Every structure is written in C-alpha cells, then in structure tokens.
Amino acid sequence: MGDYDALLVLSFGGPEGPDDVMPFLENVVRGRGVPRERLLQVAEHYQGFGGVSPINRQNRELVEALRPVAGVPVYWGNRNWRPFGEDVVRRMKADGVRRAAVFATSAFAGYSSCRQYYEDIARISIEGGPELVKMRHYGDHPGFVAAMADHVRAAYGRLGDDDARLVFTAHSVPVSMAETAGPSGGLYEAQLRRSAELVNRALGREGRPWDLVWQSRSGPPQVPWLEPDVCDHLRALAEDPANASVVLAPIGFVSDHMEVVYDLDTEARQVAGELGIRMERAATAGTHPRFVRMVRELMDEPEPVPCPLTCCPPPRRPRA
Ligand SMILES: CC1=C(CCC(=O)O)c2cc3nc(cc4[nH]c(cc5[nH]c(cc1n2)c(C)c5CCC(=O)O)c(CCC(=O)O)c4C)C(CCC(=O)O)=C3C
Ligand SMILES: [Fe+2]
C-alpha cells in the first residue's frame, strides 16, 4: 500500500555505560529548562543500573523480530544517543533506500510522543536521501491492545488475584502540553484512556474499575504536570482495605525504559511494599509477536495523513 523499500525504527535512545549518562542527559534536556537537581537525580537512577538503560537492547530485539516480518530492510536510529538518526539516514542513502516507513517507538499524540519525531525526521532528512514517512499513532491498534492485554493477564496470573486493582500508567507531561496535544487538544490523555479501555475490554473486564495515572514527572516544581503520580495513587488506594493488590500496566511505553525499571519496578514497588499492597508490573509490548506484526500492518495501510503543524506545539520555556 504505502510502497516502502525500508523500515526505520526511530526511537529515543539511552546510555549504555556510566560515561554515556551525562552526555545522553544533556542531549535530552538541551534548552528544555529541566532543573540541574532533577538531572543529577535522574543520572543516579541510570548509574544504579551501571549506566545502562534497557531501551537500546529492547530496540535491538525489536529490530531482529521485525526483520522476518517487515518484508524490507530494517534500520534503527535514535534522537538522543547512538546510533543517531542522522548517521542511519546516511547509511540508508548509501544503500539506495528511496522511501522508508518510519515507526516511532511511541504510540500516542503529543509533543514528546509525536511532534518531536516529526522534528527528528525533518532534522535528519538529507538531499538525495530517503523520503521518511511517519506511521500513525497506534495505541488503539488491535496488535498493541492484544499485546498489552496478554501481558496484563500474565501479571494477574502471577499475582493470583482477579480482584487486583488495574492501574495503567503513562509518562506525565506538563498540563499545558496535554492541553495542546492533537488538533483540538487533550489528545494524549484521550488516546491513553481509549487504549486502556480497549485493553480492559480485551481482558473481559468491562464494567470493572481501572485507573490511569502518571509517572516520571520532570521539569521545575512551579510548572504543573498531569497528576496523580503513581506513588501518590498507591497511597490513596491503600486507604481502602479492599485494595490489597495492584497490577501496574505501563501502557504509555512500548518497551522497558529507565522510567519503567526505576520509577515503577524500583520506586513504586518500594512504596507498595511500605503500604502492604501486593504489586505486579505488566510487561511492556516489547517484542510480543502480535505487536511486531502490527508494524507490518501499519505499513500496509494507506499512507497516513501527517499531523497538522499546528498541533502538539513545543512547550514554552519556563522562565528561570
Ligand atoms: C510523553 C513522554 C514520553 C513517552 C513517549 C515516548 O516514549 O517517546 C517520554 C519517553 C522517554 N523519556 C525518556 C527519558 C527522559 N525524559 C526526560 C524528560 C521529559 N520527558 C517528557 C515526556 C515524555 N518522555 C517530558 C515532557 C520531559 C521534560 C523535558 C522535555 O520536554 O523534553 C528526561 C530528562 C530528565 C528527567 O526525567 O527529568 C529523560 C532522561 C526516555 C528514555 C528512557 C531510557 O533511557 O530508558 C523515554 C523513552
Ligand atoms: Fe521523557
């Protein structure tokens, strides 16, 4: 349908050793007004894992899983760390690629999750190089929904408690960014809610409660971000003794990132333990075969209409 001669997996990138951590973080926050203290704190999270984020390994595994299904050569490049998108595009040009489907490792609308990938594409595109066509948002795709549902079901199985509270999480963003997501605003949260509802339904749990809460807040404290934070939510749930256990489902992430292994598996797990709540974290979509097949199905859809340039504008710099 889309007639692509290559597939480019475009991702965020992450450090792969202690010396990578600070240069990586400086790439991420360049000009974004993230306070120094927050940056040093996040650097500690990475150093606690030997300076290695799980994201690159997960992306390598995704690329390997895609090779036999994509039907075209598969490339991988990142915004913030090696292999950088700009270098990969030069290789694609040398290989004679003319028109590549771009699969961003972020499923939803919004500045960080969508617009920034369009900015990456504009920045890395070169004269005589491949045309780069970004695939659509896919949080509502049956492949993503089925993969998440399988992983949530497995978490319920490990917990052995069908009555565990189902708590979906996604990366918090500034309230102003959430309000301007999508052509008429609010689309990041609306898509996440829709996706959570579809997963809940796929589990045969319609009518039973689920929550969508936020994690990994950044930025200066005076800037409001989406709330409640997952740890505060666990504290609120603990007030009702009916909430003896919780399944956390990181629906806002397509693979394990530092935000998942630190903010959920380390921090939220500790809070749950202190509160006497039993907790299981569902796996991210990762290389679930249905999720992998989804990527090829996206390539077979009619070429997606690009988002209008007016939606998901970059945040205004907070004044120091
Ligand atoms: C919505 C969203 C996603 C989900 C969509 C998607 O998946 O793309 C996401 C993903 C990710 N965010 C990541 C890492 C970081 N994000 C930061 C900072 C920020 N994230 C934001 C939003 C999001 N981020 C925002 C509004 C900021 C404030 C600064 C700014 O406006 O840019 C910072 C700075 C330090 C801090 O945390 O304060 C880091 C290190 C990694 C890599 C993790 C790894 O290494 O495993 C990944 C996949
Ligand atoms: Fe982030």
# chains A, B, ... in the order shown; residues from 1 in each chain; ligands from 1
>>> residues_near_ligand(ligand="ligand 1", cutoff="6 Å", atoms="only C-alpha atoms and all ligand atoms", output="PyMOL selection string")
chain A and resi 12+14+25+28-29+32+38-39+42+53-55+106+112-113+171+173+218-219+253+257-259
>>> select_by_dssp(residues="region 55-267 of chain A", states="helix (DSSP H, G or I)", output="PyMOL selection string")
chain A and resi 55-70+85-94+111-124+142-159+175-179+187-202+230-237+258-267
>>> write_last_selection(atoms="C-alpha atoms", output="compact mmCIF listing (two decimals), in the first residue's frame")
# COMPACT_ATOMS: atom_id res chain seq x y z
CA ILE A 55 15.82 0.81 25.88
CA ASN A 56 18.59 0.07 23.36
CA ARG A 57 18.61 -3.66 23.99
CA GLN A 58 14.84 -3.68 23.64
CA ASN A 59 15.08 -1.81 20.35
CA ARG A 60 17.74 -4.21 19.04
CA GLU A 61 15.43 -7.09 19.90
CA LEU A 62 12.51 -5.35 18.19
CA VAL A 63 14.58 -4.82 15.04
CA GLU A 64 15.59 -8.50 15.00
CA ALA A 65 11.96 -9.56 15.49
CA LEU A 66 10.88 -7.21 12.67
CA ARG A 67 13.41 -8.44 10.08
CA PRO A 68 11.49 -11.59 9.09
CA VAL A 69 8.10 -9.82 9.06
CA ALA A 70 8.86 -6.39 7.59
CA GLY A 85 19.15 9.02 13.32
CA GLU A 86 21.33 11.29 11.20
CA ASP A 87 24.01 8.59 10.79
CA VAL A 88 21.50 5.89 9.96
CA VAL A 89 19.86 8.02 7.27
CA ARG A 90 23.25 8.48 5.61
CA ARG A 91 23.64 4.71 5.51
CA MET A 92 20.13 4.33 4.09
CA LYS A 93 21.02 6.76 1.34
CA ALA A 94 24.20 4.81 0.54
CA TYR A 111 4.70 16.95 21.66
CA SER A 112 7.11 14.43 23.25
CA SER A 113 5.40 11.38 21.84
CA CYS A 114 4.65 12.52 18.30
CA ARG A 115 5.65 16.04 17.24
CA GLN A 116 9.26 15.57 18.34
CA TYR A 117 9.52 12.58 16.00
CA TYR A 118 8.35 14.77 13.10
CA GLU A 119 11.04 17.27 14.15
CA ASP A 120 13.61 14.44 14.14
CA ILE A 121 12.52 13.42 10.65
CA ALA A 122 12.88 16.99 9.38
CA ARG A 123 16.32 17.32 11.02
CA ILE A 124 17.78 14.04 9.72
CA PRO A 142 -5.57 -4.38 17.81
CA GLY A 143 -1.92 -5.53 17.80
CA PHE A 144 -0.88 -3.14 20.56
CA VAL A 145 -4.07 -3.80 22.53
CA ALA A 146 -3.70 -7.59 22.28
CA ALA A 147 -0.04 -7.49 23.35
CA MET A 148 -0.81 -5.32 26.38
CA ALA A 149 -3.84 -7.44 27.28
CA ASP A 150 -1.70 -10.63 27.19
CA HIS A 151 0.89 -9.04 29.43
CA VAL A 152 -1.69 -7.71 31.89
CA ARG A 153 -3.33 -11.15 32.02
CA ALA A 154 0.06 -12.70 32.81
CA ALA A 155 0.56 -10.18 35.64
CA TYR A 156 -2.84 -11.13 37.10
CA GLY A 157 -1.75 -14.75 36.86
CA ARG A 158 1.48 -14.10 38.80
CA LEU A 159 -0.48 -12.20 41.42
CA VAL A 175 -0.54 20.30 31.78
CA SER A 176 -0.06 22.91 29.05
CA MET A 177 1.42 20.22 26.77
CA ALA A 178 -1.50 17.88 27.48
CA GLU A 179 -3.96 20.68 26.68
CA LEU A 187 -5.49 14.03 22.64
CA TYR A 188 -2.58 12.46 24.60
CA GLU A 189 -4.78 11.68 27.59
CA ALA A 190 -7.86 10.85 25.46
CA GLN A 191 -5.91 8.29 23.41
CA LEU A 192 -4.39 6.74 26.55
CA ARG A 193 -7.87 6.39 28.11
CA ARG A 194 -9.23 4.84 24.94
CA SER A 195 -6.35 2.40 24.77
CA ALA A 196 -6.74 1.45 28.45
CA GLU A 197 -10.45 0.87 27.92
CA LEU A 198 -9.71 -1.38 24.92
CA VAL A 199 -7.20 -3.41 26.95
CA ASN A 200 -9.65 -3.69 29.84
CA ARG A 201 -12.31 -4.91 27.40
CA ALA A 202 -9.93 -7.39 25.75
CA VAL A 230 1.55 6.64 40.52
CA CYS A 231 3.09 6.58 44.02
CA ASP A 232 0.52 9.06 45.39
CA HIS A 233 -2.19 6.96 43.77
CA LEU A 234 -0.94 3.83 45.55
CA ARG A 235 -1.11 5.77 48.85
CA ALA A 236 -4.71 6.80 48.10
CA LEU A 237 -5.68 3.23 47.15
CA MET A 258 14.55 3.52 32.62
CA GLU A 259 11.18 5.02 33.60
CA VAL A 260 9.76 1.51 33.84
CA VAL A 261 12.62 -0.23 35.63
CA TYR A 262 13.30 2.65 38.01
CA ASP A 263 10.06 4.60 38.51
CA LEU A 264 7.84 1.50 38.61
CA ASP A 265 9.96 -1.55 39.45
CA THR A 266 12.09 0.27 42.00
CA GLU A 267 10.25 3.31 43.37
>>> residues_around(residues="Cys311 (chain A)", least_positions_apart="4", cutoff="9 Å", atoms="only C-alpha atoms", output="MDAnalysis selection string")
chainID A and resid 110:111 115 180:185 307
>>> residues_around(residues="Trp210 (chain A)", least_positions_apart="2", cutoff="10 Å", atoms="only C-alpha atoms", output="mmCIF file with N, CA and C atoms, in the first residue's frame")
data_model
loop_
_atom_site.group_PDB
_atom_site.id
_atom_site.type_symbol
_atom_site.label_atom_id
_atom_site.label_comp_id
_atom_site.auth_asym_id
_atom_site.auth_seq_id
_atom_site.Cartn_x
_atom_site.Cartn_y
_atom_site.Cartn_z
ATOM 1 N N ALA A 164 -7.455 -7.760 41.895
ATOM 2 C CA ALA A 164 -6.434 -6.705 41.997
ATOM 3 C C ALA A 164 -6.880 -5.489 41.197
ATOM 4 N N ARG A 165 -6.572 -4.313 41.723
ATOM 5 C CA ARG A 165 -6.903 -3.067 41.044
ATOM 6 C C ARG A 165 -6.018 -2.922 39.802
ATOM 7 N N LEU A 166 -6.614 -2.568 38.661
ATOM 8 C CA LEU A 166 -5.844 -2.408 37.420
ATOM 9 C C LEU A 166 -5.487 -0.925 37.247
ATOM 10 N N VAL A 167 -4.193 -0.640 37.301
ATOM 11 C CA VAL A 167 -3.717 0.746 37.248
ATOM 12 C C VAL A 167 -2.799 0.924 36.039
ATOM 13 N N PHE A 168 -3.276 1.658 35.039
ATOM 14 C CA PHE A 168 -2.456 1.973 33.867
ATOM 15 C C PHE A 168 -1.590 3.192 34.182
ATOM 16 N N ARG A 193 -6.646 6.924 27.476
ATOM 17 C CA ARG A 193 -7.866 6.390 28.110
ATOM 18 C C ARG A 193 -8.560 5.390 27.192
ATOM 19 N N ALA A 196 -6.546 2.181 27.190
ATOM 20 C CA ALA A 196 -6.739 1.452 28.454
ATOM 21 C C ALA A 196 -8.096 0.756 28.454
ATOM 22 N N GLU A 197 -9.114 1.456 27.969
ATOM 23 C CA GLU A 197 -10.454 0.874 27.917
ATOM 24 C C GLU A 197 -10.464 -0.352 26.996
ATOM 25 N N ASN A 200 -8.757 -3.200 28.796
ATOM 26 C CA ASN A 200 -9.655 -3.694 29.838
ATOM 27 C C ASN A 200 -10.739 -4.584 29.229
ATOM 28 N N ARG A 205 -12.944 -7.533 31.201
ATOM 29 C CA ARG A 205 -13.170 -6.870 32.475
ATOM 30 C C ARG A 205 -14.090 -5.660 32.346
ATOM 31 N N GLU A 206 -14.891 -5.565 31.248
ATOM 32 C CA GLU A 206 -15.683 -4.355 31.100
ATOM 33 C C GLU A 206 -16.584 -4.155 32.309
ATOM 34 N N GLY A 207 -16.717 -2.881 32.686
ATOM 35 C CA GLY A 207 -17.519 -2.568 33.863
ATOM 36 C C GLY A 207 -16.723 -2.574 35.162
ATOM 37 N N ARG A 208 -15.526 -3.199 35.137
ATOM 38 C CA ARG A 208 -14.727 -3.187 36.363
ATOM 39 C C ARG A 208 -13.795 -1.976 36.347
ATOM 40 N N LEU A 212 -6.093 5.492 35.286
ATOM 41 C CA LEU A 212 -4.942 5.954 34.503
ATOM 42 C C LEU A 212 -4.233 7.007 35.346
ATOM 43 N N VAL A 213 -2.984 6.734 35.691
ATOM 44 C CA VAL A 213 -2.207 7.688 36.488
ATOM 45 C C VAL A 213 -0.866 7.930 35.813
ATOM 46 N N VAL A 247 -2.239 -4.373 39.879
ATOM 47 C CA VAL A 247 -1.457 -4.638 38.671
ATOM 48 C C VAL A 247 -1.149 -3.292 38.023
#
>>> closest_residue(among="A:Pro83, A:Pro130, A:Pro174, A:Gly2", to="ligand 2", atoms="only C-alpha atoms and all ligand atoms")
A:Pro174
>>> atom_distance(atom1="CA of Pro224 (chain A)", atom2="CA of Asn78 (chain A)")
28.5 Å
>>> select_by_dssp(residues="region 111-225 of chain A", states="strand (DSSP E or B)", output="PyMOL selection string")
chain A and resi 131-134+165-171+174+210-215+225
>>> closest_residue(among="A:Ala244, A:Ala170, A:Ala101, A:Ala272", to="ligand 2", atoms="only C-alpha atoms and all ligand atoms")
A:Ala170
>>> atom_distance(atom1="CA of Pro241 (chain A)", atom2="CA of Ile277 (chain A)")
9.4 Å
>>> closest_residue(among="A:Gly77, A:Gly252, A:Gly128, A:Gly51", to="ligand 2", atoms="only C-alpha atoms and all ligand atoms")
A:Gly252
>>> decode(residues="region 173-216 of chain A", atoms="N, CA and C atoms", output="PDB file, in the first residue's frame")
ATOM      1  N   VAL A 173       3.206  14.681  31.564  1.00  0.00           N
ATOM      2  CA  VAL A 173       3.695  15.797  30.749  1.00  0.00           C
ATOM      3  C   VAL A 173       3.146  17.070  31.384  1.00  0.00           C
ATOM      4  N   PRO A 174       3.739  18.238  31.053  1.00  0.00           N
ATOM      5  CA  PRO A 174       3.172  19.480  31.576  1.00  0.00           C
ATOM      6  C   PRO A 174       1.702  19.606  31.165  1.00  0.00           C
ATOM      7  N   VAL A 175       0.880  20.134  32.062  1.00  0.00           N
ATOM      8  CA  VAL A 175      -0.545  20.298  31.777  1.00  0.00           C
ATOM      9  C   VAL A 175      -0.743  21.084  30.481  1.00  0.00           C
ATOM     10  N   SER A 176       0.086  22.101  30.265  1.00  0.00           N
ATOM     11  CA  SER A 176      -0.060  22.912  29.045  1.00  0.00           C
ATOM     12  C   SER A 176       0.192  22.069  27.800  1.00  0.00           C
ATOM     13  N   MET A 177       1.112  21.106  27.908  1.00  0.00           N
ATOM     14  CA  MET A 177       1.420  20.224  26.774  1.00  0.00           C
ATOM     15  C   MET A 177       0.252  19.262  26.527  1.00  0.00           C
ATOM     16  N   ALA A 178      -0.344  18.785  27.610  1.00  0.00           N
ATOM     17  CA  ALA A 178      -1.502  17.881  27.483  1.00  0.00           C
ATOM     18  C   ALA A 178      -2.668  18.632  26.834  1.00  0.00           C
ATOM     19  N   GLU A 179      -2.838  19.891  27.208  1.00  0.00           N
ATOM     20  CA  GLU A 179      -3.961  20.677  26.681  1.00  0.00           C
ATOM     21  C   GLU A 179      -3.827  20.964  25.192  1.00  0.00           C
ATOM     22  N   THR A 180      -2.600  21.010  24.674  1.00  0.00           N
ATOM     23  CA  THR A 180      -2.405  21.341  23.260  1.00  0.00           C
ATOM     24  C   THR A 180      -2.078  20.103  22.419  1.00  0.00           C
ATOM     25  N   ALA A 181      -2.291  18.910  22.979  1.00  0.00           N
ATOM     26  CA  ALA A 181      -1.986  17.685  22.233  1.00  0.00           C
ATOM     27  C   ALA A 181      -3.096  17.375  21.242  1.00  0.00           C
ATOM     28  N   GLY A 182      -2.744  17.254  19.960  1.00  0.00           N
ATOM     29  CA  GLY A 182      -3.736  16.924  18.938  1.00  0.00           C
ATOM     30  C   GLY A 182      -4.401  18.182  18.397  1.00  0.00           C
ATOM     31  N   PRO A 183      -5.079  18.031  17.249  1.00  0.00           N
ATOM     32  CA  PRO A 183      -5.646  19.203  16.562  1.00  0.00           C
ATOM     33  C   PRO A 183      -6.617  20.009  17.422  1.00  0.00           C
ATOM     34  N   SER A 184      -7.341  19.351  18.356  1.00  0.00           N
ATOM     35  CA  SER A 184      -8.254  20.136  19.179  1.00  0.00           C
ATOM     36  C   SER A 184      -7.959  19.981  20.668  1.00  0.00           C
ATOM     37  N   GLY A 185      -6.746  19.527  20.994  1.00  0.00           N
ATOM     38  CA  GLY A 185      -6.313  19.489  22.391  1.00  0.00           C
ATOM     39  C   GLY A 185      -6.715  18.220  23.131  1.00  0.00           C
ATOM     40  N   GLY A 186      -5.967  17.913  24.186  1.00  0.00           N
ATOM     41  CA  GLY A 186      -6.319  16.809  25.077  1.00  0.00           C
ATOM     42  C   GLY A 186      -6.133  15.415  24.501  1.00  0.00           C
ATOM     43  N   LEU A 187      -5.485  15.319  23.331  1.00  0.00           N
ATOM     44  CA  LEU A 187      -5.485  14.027  22.644  1.00  0.00           C
ATOM     45  C   LEU A 187      -4.559  12.983  23.283  1.00  0.00           C
ATOM     46  N   TYR A 188      -3.483  13.425  23.936  1.00  0.00           N
ATOM     47  CA  TYR A 188      -2.575  12.456  24.598  1.00  0.00           C
ATOM     48  C   TYR A 188      -3.362  11.657  25.633  1.00  0.00           C
ATOM     49  N   GLU A 189      -4.024  12.368  26.537  1.00  0.00           N
ATOM     50  CA  GLU A 189      -4.781  11.677  27.588  1.00  0.00           C
ATOM     51  C   GLU A 189      -5.973  10.915  27.005  1.00  0.00           C
ATOM     52  N   ALA A 190      -6.680  11.518  26.039  1.00  0.00           N
ATOM     53  CA  ALA A 190      -7.858  10.854  25.463  1.00  0.00           C
ATOM     54  C   ALA A 190      -7.461   9.533  24.801  1.00  0.00           C
ATOM     55  N   GLN A 191      -6.345   9.535  24.067  1.00  0.00           N
ATOM     56  CA  GLN A 191      -5.907   8.292  23.414  1.00  0.00           C
ATOM     57  C   GLN A 191      -5.477   7.244  24.441  1.00  0.00           C
ATOM     58  N   LEU A 192      -4.805   7.693  25.500  1.00  0.00           N
ATOM     59  CA  LEU A 192      -4.392   6.740  26.545  1.00  0.00           C
ATOM     60  C   LEU A 192      -5.616   6.104  27.202  1.00  0.00           C
ATOM     61  N   ARG A 193      -6.646   6.924  27.476  1.00  0.00           N
ATOM     62  CA  ARG A 193      -7.866   6.390  28.110  1.00  0.00           C
ATOM     63  C   ARG A 193      -8.560   5.390  27.192  1.00  0.00           C
ATOM     64  N   ARG A 194      -8.604   5.714  25.920  1.00  0.00           N
ATOM     65  CA  ARG A 194      -9.227   4.835  24.935  1.00  0.00           C
ATOM     66  C   ARG A 194      -8.472   3.497  24.883  1.00  0.00           C
ATOM     67  N   SER A 195      -7.172   3.582  24.846  1.00  0.00           N
ATOM     68  CA  SER A 195      -6.346   2.397  24.771  1.00  0.00           C
ATOM     69  C   SER A 195      -6.517   1.531  26.027  1.00  0.00           C
ATOM     70  N   ALA A 196      -6.546   2.181  27.190  1.00  0.00           N
ATOM     71  CA  ALA A 196      -6.739   1.452  28.454  1.00  0.00           C
ATOM     72  C   ALA A 196      -8.096   0.756  28.454  1.00  0.00           C
ATOM     73  N   GLU A 197      -9.114   1.456  27.969  1.00  0.00           N
ATOM     74  CA  GLU A 197     -10.454   0.874  27.917  1.00  0.00           C
ATOM     75  C   GLU A 197     -10.464  -0.352  26.996  1.00  0.00           C
ATOM     76  N   LEU A 198      -9.768  -0.250  25.859  1.00  0.00           N
ATOM     77  CA  LEU A 198      -9.712  -1.381  24.922  1.00  0.00           C
ATOM     78  C   LEU A 198      -8.994  -2.575  25.543  1.00  0.00           C
ATOM     79  N   VAL A 199      -7.921  -2.316  26.283  1.00  0.00           N
ATOM     80  CA  VAL A 199      -7.202  -3.408  26.946  1.00  0.00           C
ATOM     81  C   VAL A 199      -8.094  -4.037  28.014  1.00  0.00           C
ATOM     82  N   ASN A 200      -8.757  -3.200  28.796  1.00  0.00           N
ATOM     83  CA  ASN A 200      -9.655  -3.694  29.838  1.00  0.00           C
ATOM     84  C   ASN A 200     -10.739  -4.584  29.229  1.00  0.00           C
ATOM     85  N   ARG A 201     -11.258  -4.146  28.085  1.00  0.00           N
ATOM     86  CA  ARG A 201     -12.309  -4.907  27.405  1.00  0.00           C
ATOM     87  C   ARG A 201     -11.746  -6.226  26.868  1.00  0.00           C
ATOM     88  N   ALA A 202     -10.544  -6.173  26.280  1.00  0.00           N
ATOM     89  CA  ALA A 202      -9.928  -7.395  25.745  1.00  0.00           C
ATOM     90  C   ALA A 202      -9.714  -8.429  26.849  1.00  0.00           C
ATOM     91  N   LEU A 203      -9.589  -7.958  28.082  1.00  0.00           N
ATOM     92  CA  LEU A 203      -9.412  -8.864  29.221  1.00  0.00           C
ATOM     93  C   LEU A 203     -10.740  -9.389  29.741  1.00  0.00           C
ATOM     94  N   GLY A 204     -11.840  -8.940  29.138  1.00  0.00           N
ATOM     95  CA  GLY A 204     -13.155  -9.340  29.623  1.00  0.00           C
ATOM     96  C   GLY A 204     -13.501  -8.706  30.954  1.00  0.00           C
ATOM     97  N   ARG A 205     -12.944  -7.533  31.201  1.00  0.00           N
ATOM     98  CA  ARG A 205     -13.170  -6.870  32.475  1.00  0.00           C
ATOM     99  C   ARG A 205     -14.090  -5.660  32.346  1.00  0.00           C
ATOM    100  N   GLU A 206     -14.891  -5.565  31.248  1.00  0.00           N
ATOM    101  CA  GLU A 206     -15.683  -4.355  31.100  1.00  0.00           C
ATOM    102  C   GLU A 206     -16.584  -4.155  32.309  1.00  0.00           C
ATOM    103  N   GLY A 207     -16.717  -2.881  32.686  1.00  0.00           N
ATOM    104  CA  GLY A 207     -17.519  -2.568  33.863  1.00  0.00           C
ATOM    105  C   GLY A 207     -16.723  -2.574  35.162  1.00  0.00           C
ATOM    106  N   ARG A 208     -15.526  -3.199  35.137  1.00  0.00           N
ATOM    107  CA  ARG A 208     -14.727  -3.187  36.363  1.00  0.00           C
ATOM    108  C   ARG A 208     -13.795  -1.976  36.347  1.00  0.00           C
ATOM    109  N   PRO A 209     -13.459  -1.469  37.517  1.00  0.00           N
ATOM    110  CA  PRO A 209     -12.716  -0.211  37.544  1.00  0.00           C
ATOM    111  C   PRO A 209     -11.269  -0.362  37.081  1.00  0.00           C
ATOM    112  N   TRP A 210     -10.784   0.672  36.427  1.00  0.00           N
ATOM    113  CA  TRP A 210      -9.352   0.800  36.165  1.00  0.00           C
ATOM    114  C   TRP A 210      -9.007   2.270  36.317  1.00  0.00           C
ATOM    115  N   ASP A 211      -7.736   2.553  36.516  1.00  0.00           N
ATOM    116  CA  ASP A 211      -7.293   3.931  36.677  1.00  0.00           C
ATOM    117  C   ASP A 211      -6.215   4.230  35.647  1.00  0.00           C
ATOM    118  N   LEU A 212      -6.093   5.492  35.286  1.00  0.00           N
ATOM    119  CA  LEU A 212      -4.942   5.954  34.503  1.00  0.00           C
ATOM    120  C   LEU A 212      -4.233   7.007  35.346  1.00  0.00           C
ATOM    121  N   VAL A 213      -2.984   6.734  35.691  1.00  0.00           N
ATOM    122  CA  VAL A 213      -2.207   7.688  36.488  1.00  0.00           C
ATOM    123  C   VAL A 213      -0.866   7.930  35.813  1.00  0.00           C
ATOM    124  N   TRP A 214      -0.069   8.812  36.388  1.00  0.00           N
ATOM    125  CA  TRP A 214       1.103   9.353  35.691  1.00  0.00           C
ATOM    126  C   TRP A 214       2.377   9.042  36.446  1.00  0.00           C
ATOM    127  N   GLN A 215       3.469   9.039  35.712  1.00  0.00           N
ATOM    128  CA  GLN A 215       4.764   8.732  36.323  1.00  0.00           C
ATOM    129  C   GLN A 215       5.847   9.616  35.709  1.00  0.00           C
ATOM    130  N   SER A 216       7.003   9.635  36.378  1.00  0.00           N
ATOM    131  CA  SER A 216       8.222  10.216  35.806  1.00  0.00           C
ATOM    132  C   SER A 216       8.137  11.718  35.559  1.00  0.00           C
TER     133      SER A 216
END
